[in-house]
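Engineer: upload.txt (compact mmCIF, C-alpha atoms) pasted underneath:
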# COMPACT_ATOMS: atom_id res chain seq x y z
CA MET A 1 0.00 0.00 0.00
CA LYS A 2 1.11 3.54 -0.74
CA HIS A 3 0.12 6.68 1.15
CA THR A 4 1.06 10.35 0.87
CA TYR A 5 1.83 12.43 3.95
CA HIS A 6 2.45 16.09 4.66
CA ILE A 7 5.48 16.84 6.86
CA GLN A 8 5.96 20.24 8.52
CA GLY A 9 9.21 21.48 10.07
CA MET A 10 11.74 20.71 7.33
CA THR A 11 13.91 23.74 6.52
CA CYS A 12 16.75 22.32 4.41
CA ASN A 13 17.95 19.24 2.55
CA GLY A 14 19.60 18.02 5.74
CA CYS A 15 16.16 17.90 7.39
CA ARG A 16 14.71 16.13 4.37
CA THR A 17 17.43 13.47 4.44
CA ASP A 18 16.99 12.98 8.18
CA VAL A 19 13.23 12.46 7.83
CA GLU A 20 13.62 10.15 4.82
CA ASN A 21 16.21 7.97 6.58
CA LYS A 22 14.08 7.62 9.73
CA LEU A 23 11.01 6.67 7.72
CA ASN A 24 12.92 4.10 5.66
CA ASN A 25 14.31 2.51 8.84
CA MET A 26 10.82 1.79 10.18
CA GLU A 27 9.43 -1.72 10.22
CA HIS A 28 7.01 -2.49 7.36
CA VAL A 29 8.21 0.52 5.35
CA GLN A 30 9.39 -0.70 1.95
CA ASN A 31 10.31 2.69 0.53
CA ALA A 32 9.88 6.31 1.56
CA VAL A 33 10.58 9.33 -0.66
CA VAL A 34 10.51 12.79 0.92
CA THR A 35 10.50 16.07 -1.03
CA LEU A 36 11.36 19.40 0.61
CA GLU A 37 9.67 21.69 -1.93
CA ASN A 38 6.10 20.49 -1.28
CA GLU A 39 6.77 19.00 2.19
CA LYS A 40 5.47 15.59 1.13
CA ALA A 41 6.42 12.01 1.88
CA ILE A 42 5.28 9.12 -0.31
CA ILE A 43 5.54 5.88 1.68
CA ASN A 44 5.18 2.32 0.40
CA MET A 45 4.48 -0.20 3.18
CA ASP A 46 3.66 -3.90 3.40
CA ALA A 47 1.38 -3.43 6.43
CA HIS A 48 -0.66 -0.57 7.83
CA ILE A 49 1.30 1.86 10.04
CA ASN A 50 -0.67 4.36 12.09
CA LEU A 51 0.15 8.05 12.19
CA ASP A 52 1.34 7.97 15.82
CA SER A 53 4.04 5.45 14.91
CA PHE A 54 5.37 7.72 12.19
CA GLN A 55 5.32 10.72 14.56
CA LYS A 56 7.24 8.80 17.26
CA ALA A 57 9.89 7.79 14.71
CA LEU A 58 10.52 11.42 13.77
CA SER A 59 12.07 14.26 15.73
CA PRO A 60 9.55 16.34 17.72
CA LYS A 61 10.19 19.36 15.48
CA TYR A 62 8.52 17.55 12.57
CA LYS A 63 4.74 17.11 12.31
CA ILE A 64 3.34 14.46 9.99
CA ASP A 65 -0.24 14.30 8.70
CA ILE A 66 -1.85 12.07 6.11
CA ILE A 67 -3.13 13.75 2.95
CA GLU A 68 -6.66 12.67 2.17
CA GLU A 69 -7.26 11.96 -1.51
CA THR A 70 -11.03 12.57 -1.34
CA ASN A 71 -12.48 15.85 -2.60
CA VAL A 72 -9.20 16.82 -4.24
CA PHE A 73 -10.48 20.00 -5.91
CA LYS A 74 -11.96 21.45 -2.74
CA LYS A 75 -8.84 20.65 -0.74
CA SER A 76 -6.59 22.15 -3.42
CA ALA A 77 -8.47 25.47 -3.42
CA PHE A 78 -8.43 25.60 0.36
CA ALA A 79 -4.72 24.78 0.45
CA LYS A 80 -3.93 27.61 -1.97
CA ALA A 81 -5.87 30.09 0.17
CA GLU A 82 -4.10 28.90 3.30
CA THR A 83 -0.71 29.05 1.58
CA LYS A 84 -1.34 32.64 0.51
CA LYS A 85 -2.34 33.61 4.02
CA SER A 86 0.60 31.84 5.65
CA LYS A 87 3.07 33.44 3.24
CA LEU A 88 1.96 36.92 4.27
CA GLN A 89 2.30 35.95 7.91
CA GLN A 90 5.69 34.35 7.36
CA LEU A 91 7.00 37.45 5.57
CA LYS A 92 6.26 39.60 8.61
CA PRO A 93 9.78 39.09 10.11
CA LEU A 94 11.37 40.21 6.83
CA PHE A 95 9.33 43.42 6.66
CA LEU A 96 9.91 44.06 10.37
CA ILE A 97 13.69 43.72 10.03
CA LEU A 98 13.78 45.98 6.95
CA SER A 99 11.72 48.56 8.85
CA TYR A 100 14.15 48.50 11.78
CA ILE A 101 17.10 48.94 9.41
CA ALA A 102 15.34 51.87 7.70
CA VAL A 103 14.59 53.55 11.05
CA ALA A 104 18.20 53.06 12.21
CA THR A 105 19.42 54.62 8.96
CA ILE A 106 17.16 57.66 9.45
CA LEU A 107 18.34 58.11 13.05
CA LEU A 108 21.98 57.97 11.93
CA ASN A 109 21.47 60.56 9.20
CA TYR A 110 18.68 62.93 10.25
CA ASN A 111 21.16 65.68 11.27
CA ARG A 112 23.09 65.56 8.02
CA GLU A 113 22.47 68.12 5.31
CA ASN A 114 23.50 65.62 2.64
CA TRP A 115 21.79 62.21 2.74
CA ASN A 116 24.02 60.62 0.09
CA GLU A 117 25.73 58.49 2.71
CA ALA A 118 22.43 57.24 4.13
CA MET A 119 22.33 54.55 1.43
CA LEU A 120 25.75 53.31 2.53
CA ASP A 121 24.51 53.03 6.11
CA PHE A 122 21.37 51.19 4.98
CA MET A 123 23.37 48.74 2.86
CA GLY A 124 25.90 48.19 5.63
CA LEU A 125 23.23 47.49 8.25
CA PHE A 126 21.34 45.30 5.77
CA PHE A 127 24.32 43.03 5.13
CA ILE A 128 25.35 42.83 8.80
CA VAL A 129 21.85 41.87 10.00
CA PHE A 130 21.12 39.43 7.17
CA SER A 131 24.53 37.73 7.45
CA PHE A 132 23.94 37.27 11.20
CA PHE A 133 20.84 35.17 10.55
CA LYS A 134 22.67 33.12 7.93
CA ILE A 135 25.61 32.42 10.26
CA LEU A 136 23.18 31.14 12.92
CA ASP A 137 22.90 27.93 10.89
CA LEU A 138 26.02 27.49 8.77
CA LYS A 139 25.09 23.85 8.18
CA GLY A 140 21.54 24.38 6.97
CA PHE A 141 21.96 27.66 5.08
CA PRO A 142 24.19 26.37 2.23
CA GLU A 143 21.70 23.59 1.40
CA SER A 144 18.79 26.05 1.21
CA PHE A 145 20.84 28.64 -0.71
CA LYS A 146 21.95 26.09 -3.33
CA MET A 147 18.32 25.39 -4.19
CA TYR A 148 17.99 28.67 -6.10
CA ASP A 149 21.34 30.50 -6.38
CA PRO A 150 23.04 29.51 -9.70
CA LEU A 151 26.61 30.10 -8.51
CA ALA A 152 26.04 28.19 -5.26
CA LYS A 153 24.73 25.24 -7.30
CA LEU A 154 27.84 25.33 -9.49
CA ILE A 155 30.36 25.99 -6.69
CA PRO A 156 29.15 24.55 -3.32
CA THR A 157 31.96 26.31 -1.44
CA TYR A 158 30.47 29.65 -2.46
CA ALA A 159 27.32 28.83 -0.46
CA TRP A 160 29.44 28.25 2.67
CA ILE A 161 31.39 31.51 2.42
CA TYR A 162 28.45 33.68 1.27
CA PRO A 163 27.41 34.76 4.81
CA PHE A 164 30.97 35.95 5.47
CA ILE A 165 31.02 37.84 2.16
CA GLU A 166 27.90 39.68 3.33
CA THR A 167 29.54 40.43 6.70
CA ALA A 168 32.62 41.83 4.96
CA LEU A 169 30.48 43.98 2.65
CA GLY A 170 28.51 45.30 5.61
CA LEU A 171 31.68 46.34 7.40
CA MET A 172 33.10 47.93 4.25
CA PHE A 173 29.99 50.08 3.81
CA LEU A 174 29.78 51.11 7.47
CA MET A 175 33.52 51.87 7.69
CA ARG A 176 33.56 53.56 4.25
CA PHE A 177 36.37 51.23 3.14
CA GLN A 178 36.86 50.63 -0.60
CA ILE A 179 33.27 51.63 -1.33
CA ASN A 180 33.49 51.20 -5.11
CA ILE A 181 34.77 47.63 -4.77
CA ALA A 182 32.03 46.84 -2.24
CA LEU A 183 29.38 48.29 -4.56
CA LEU A 184 30.70 46.30 -7.51
CA ILE A 185 30.72 43.03 -5.55
CA THR A 186 27.21 43.77 -4.25
CA SER A 187 25.91 44.33 -7.78
CA ILE A 188 27.44 41.08 -9.04
CA ILE A 189 26.45 38.67 -6.26
CA LEU A 190 22.93 40.04 -5.86
CA SER A 191 22.38 39.99 -9.64
CA ILE A 192 23.31 36.30 -9.67
CA THR A 193 20.99 35.55 -6.76
CA THR A 194 18.16 37.61 -8.27
CA GLY A 195 18.49 35.60 -11.49
CA GLY A 196 17.97 32.41 -9.50
CA VAL A 197 15.05 33.92 -7.58
CA THR A 198 13.41 35.03 -10.84
CA LYS A 199 13.71 31.55 -12.33
CA THR A 200 12.24 29.99 -9.17
CA LEU A 201 9.28 32.37 -9.24
CA LEU A 202 8.67 31.78 -12.97
CA ASP A 203 8.81 28.01 -12.43
CA LYS A 204 6.30 28.46 -9.58
CA LYS A 205 8.38 26.35 -7.24
CA SER A 206 7.53 26.44 -3.54
CA ILE A 207 10.84 26.60 -1.68
CA GLN A 208 12.28 28.36 1.33
CA CYS A 209 14.06 31.67 0.92
CA ALA A 210 17.48 31.65 2.60
CA CYS A 211 17.75 35.45 2.86
CA LEU A 212 17.37 35.19 6.64
CA GLY A 213 19.05 31.81 6.89
CA THR A 214 17.04 28.86 8.19
CA ALA A 215 16.27 30.34 11.61
CA LEU A 216 13.19 32.03 10.16
CA LYS A 217 11.20 30.01 7.64
CA LEU A 218 10.37 32.44 4.85
CA PRO A 219 8.74 31.43 1.56
CA MET A 220 10.29 32.41 -1.75
CA THR A 221 8.02 35.20 -3.04
CA GLU A 222 8.10 38.38 -5.09
CA ALA A 223 9.21 40.15 -1.89
CA THR A 224 12.59 38.39 -2.17
CA PHE A 225 12.97 39.65 -5.74
CA ILE A 226 12.02 43.22 -4.73
CA GLU A 227 14.41 43.15 -1.76
CA ASN A 228 17.36 42.13 -3.97
CA ALA A 229 16.36 44.52 -6.76
CA ILE A 230 16.33 47.51 -4.38
CA MET A 231 19.85 46.69 -3.19
CA ILE A 232 21.11 46.29 -6.78
CA ILE A 233 19.54 49.62 -7.83
CA MET A 234 21.11 51.37 -4.84
CA ALA A 235 24.53 49.88 -5.60
CA VAL A 236 24.35 50.85 -9.29
CA LEU A 237 23.21 54.41 -8.49
CA MET A 238 26.07 54.86 -6.02
CA LEU A 239 28.58 53.54 -8.56
CA ILE A 240 27.32 55.98 -11.19
CA SER A 241 27.39 58.92 -8.80
Show the structure stored in the file as structure tokens.
Structural biologist:
Amino acid sequence: MKHTYHIQGMTCNGCRTDVENKLNNMEHVQNAVVTLENEKAIINMDAHINLDSFQKALSPKYKIDIIEETNVFKKSAFAKAETKKSKLQQLKPLFLILSYIAVATILLNYNRENWNEAMLDFMGLFFIVFSFFKILDLKGFPESFKMYDPLAKLIPTYAWIYPFIETALGLMFLMRFQINIALLITSIILSITTGGVTKTLLDKKSIQCACLGTALKLPMTEATFIENAIMIIMAVLMLIS
């Protein structure tokens, strides 16, 4: 018999592998395939296994539920509505952090007659804060980042050092050190990432955005594209000026 389950709590490929291995090691499970993108597990078994048994086999941070196949169209419409609602709720931390960075930038520059350097402060604070969240989980972040960044897919090491590149850029902007080089690097790496984000959105894939690491589970949405685009535009404008 084959059943499909929904598993919540997976944030990276490491989580997916952990869940898949634990399911495959269970008695009566012939084969279990887990996908991170849609948070599903398809399990073939030679005898019925109740839901509690699956839950006990998994870590407490994962929640497993069976997906009912009846009334597929109604469930699909409901799921889409719930997904849209949950995405807006999940994006709240991103908007909150960007608001705090914007307020901090205003407070640092409100006495200045010339606000040209305000963008440098914003970019510096942006990179410092966002790199902090990525460094919180240096094991999980690279796996999530490689799912959509083209360069990280091609060169896995790049995914590991990316948080430290952001930290270095943040310090360069805040300390006004080699600004033109920092702006050029910012334009390049964010353009690469934005290309991957654009492809993911066009393919309508449902994956986690790694912009705030894996500590906060954020969906990949148009907000990620806009966030990167704003930073690229700011970098290009500063280079031109």
Engineer: In Å, how far is it from CA of Leu239 in chain A to CA of Asn180 in chain A?
Structural biologist: 6.4 Å
Engineer: Looking at A:Asn25, A:Thr186, A:Thr167, A:Gln89, which one is nearest to Phe130 in chain A, with distances taken over only C-alpha atoms?
Structural biologist: A:Thr167
Engineer: Which residue gives the smallest distance to Met175 in chain A among A:Gly140, A:Gly196, A:Pro163, A:Gly124, with all atoms listed in the file counted?
Structural biologist: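 Residue with the minimum atom-to-atom distance to Met175 in chain A: A:Gly124.
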Engineer: When you count only C-alpha atoms, which of these residues is closest to Ile106 in chain A: A:Ile181, A:Leu125, A:Lys92, A:Met26?
Structural biologist: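 Of all the options, A:Leu125 lies closest to Ile106 in chain A.
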Engineer: So, with only C-alpha atoms as the atoms that count, which of A:Ile188, A:Phe126, A:Leu120, A:Lys40 lies closest to Tyr100 in chain A?
Structural biologist: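 The answer is A:Phe126, which sits nearest to Tyr100 in chain A.
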Engineer: List every protein, DNA or RNA residue that has an atom no more than 9 Å from (24.6, 51.6, -3.1) in the file's coordinate frame, counting only C-alpha atoms, and report them as a count of residues only.
Structural biologist: 19
Engineer: Using all atoms listed in the file, pick whichever of A:Ala32, A:Ile97, A:Leu154, A:Ile64 has the shortest atom-to-atom distance to Ile7 in chain A.
Structural biologist: A:Ile64
Engineer: Of the candidates A:Met147, A:Ile189, A:Cys209, A:Val19, which one gets nearest to Lys61 in chain A if we count all atoms listed in the file?
Structural biologist: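 The shortest atom-to-atom distance to Lys61 in chain A comes from A:Val19.
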Engineer: So that I can check the surroundings of Pro60 in chain A, please list as a PDB file with C-alpha atoms, in the coordinates of the input every protein, DNA and RNA residue that reaches within 12 Å of it, counting only C-alpha atoms and ignoring chain neighbours fewer than 5 positions away.
Structural biologist:
ATOM      1  CA  ILE A   7       5.480  16.840   6.860  1.00  0.00           C
ATOM      2  CA  GLN A   8       5.960  20.240   8.520  1.00  0.00           C
ATOM      3  CA  GLY A   9       9.210  21.480  10.070  1.00  0.00           C
ATOM      4  CA  MET A  10      11.740  20.710   7.330  1.00  0.00           C
ATOM      5  CA  VAL A  19      13.230  12.460   7.830  1.00  0.00           C
ATOM      6  CA  ASP A  52       1.340   7.970  15.820  1.00  0.00           C
ATOM      7  CA  PHE A  54       5.370   7.720  12.190  1.00  0.00           C
ATOM      8  CA  GLN A  55       5.320  10.720  14.560  1.00  0.00           C
TER       9      GLN A  55
END
Engineer: Write out as a list in words which residues come within 9 Å of Leu138 in chain A when counting all atoms listed in the file, dropping same-chain ones fewer than 4 positions away.
Structural biologist: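 Selected residues are Lys134, Pro142, Trp160, Pro163 and Gly213 of chain A.
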Engineer: Could you work out how far CA of Asp18 in chain A lies from CA of Leu51 in chain A, giving the answer in Å with one decimal?
Structural biologist: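 CA of Asp18 in chain A lies at a distance of 18.0 Å from CA of Leu51 in chain A.
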Engineer: For the atom pair CA of Ser59 in chain A and CA of Ala159 in chain A, what is the interatomic distance in Å to one decimal place?
Structural biologist: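 Interatomic distance, CA of Ser59 in chain A to CA of Ala159 in chain A: 26.6 Å.
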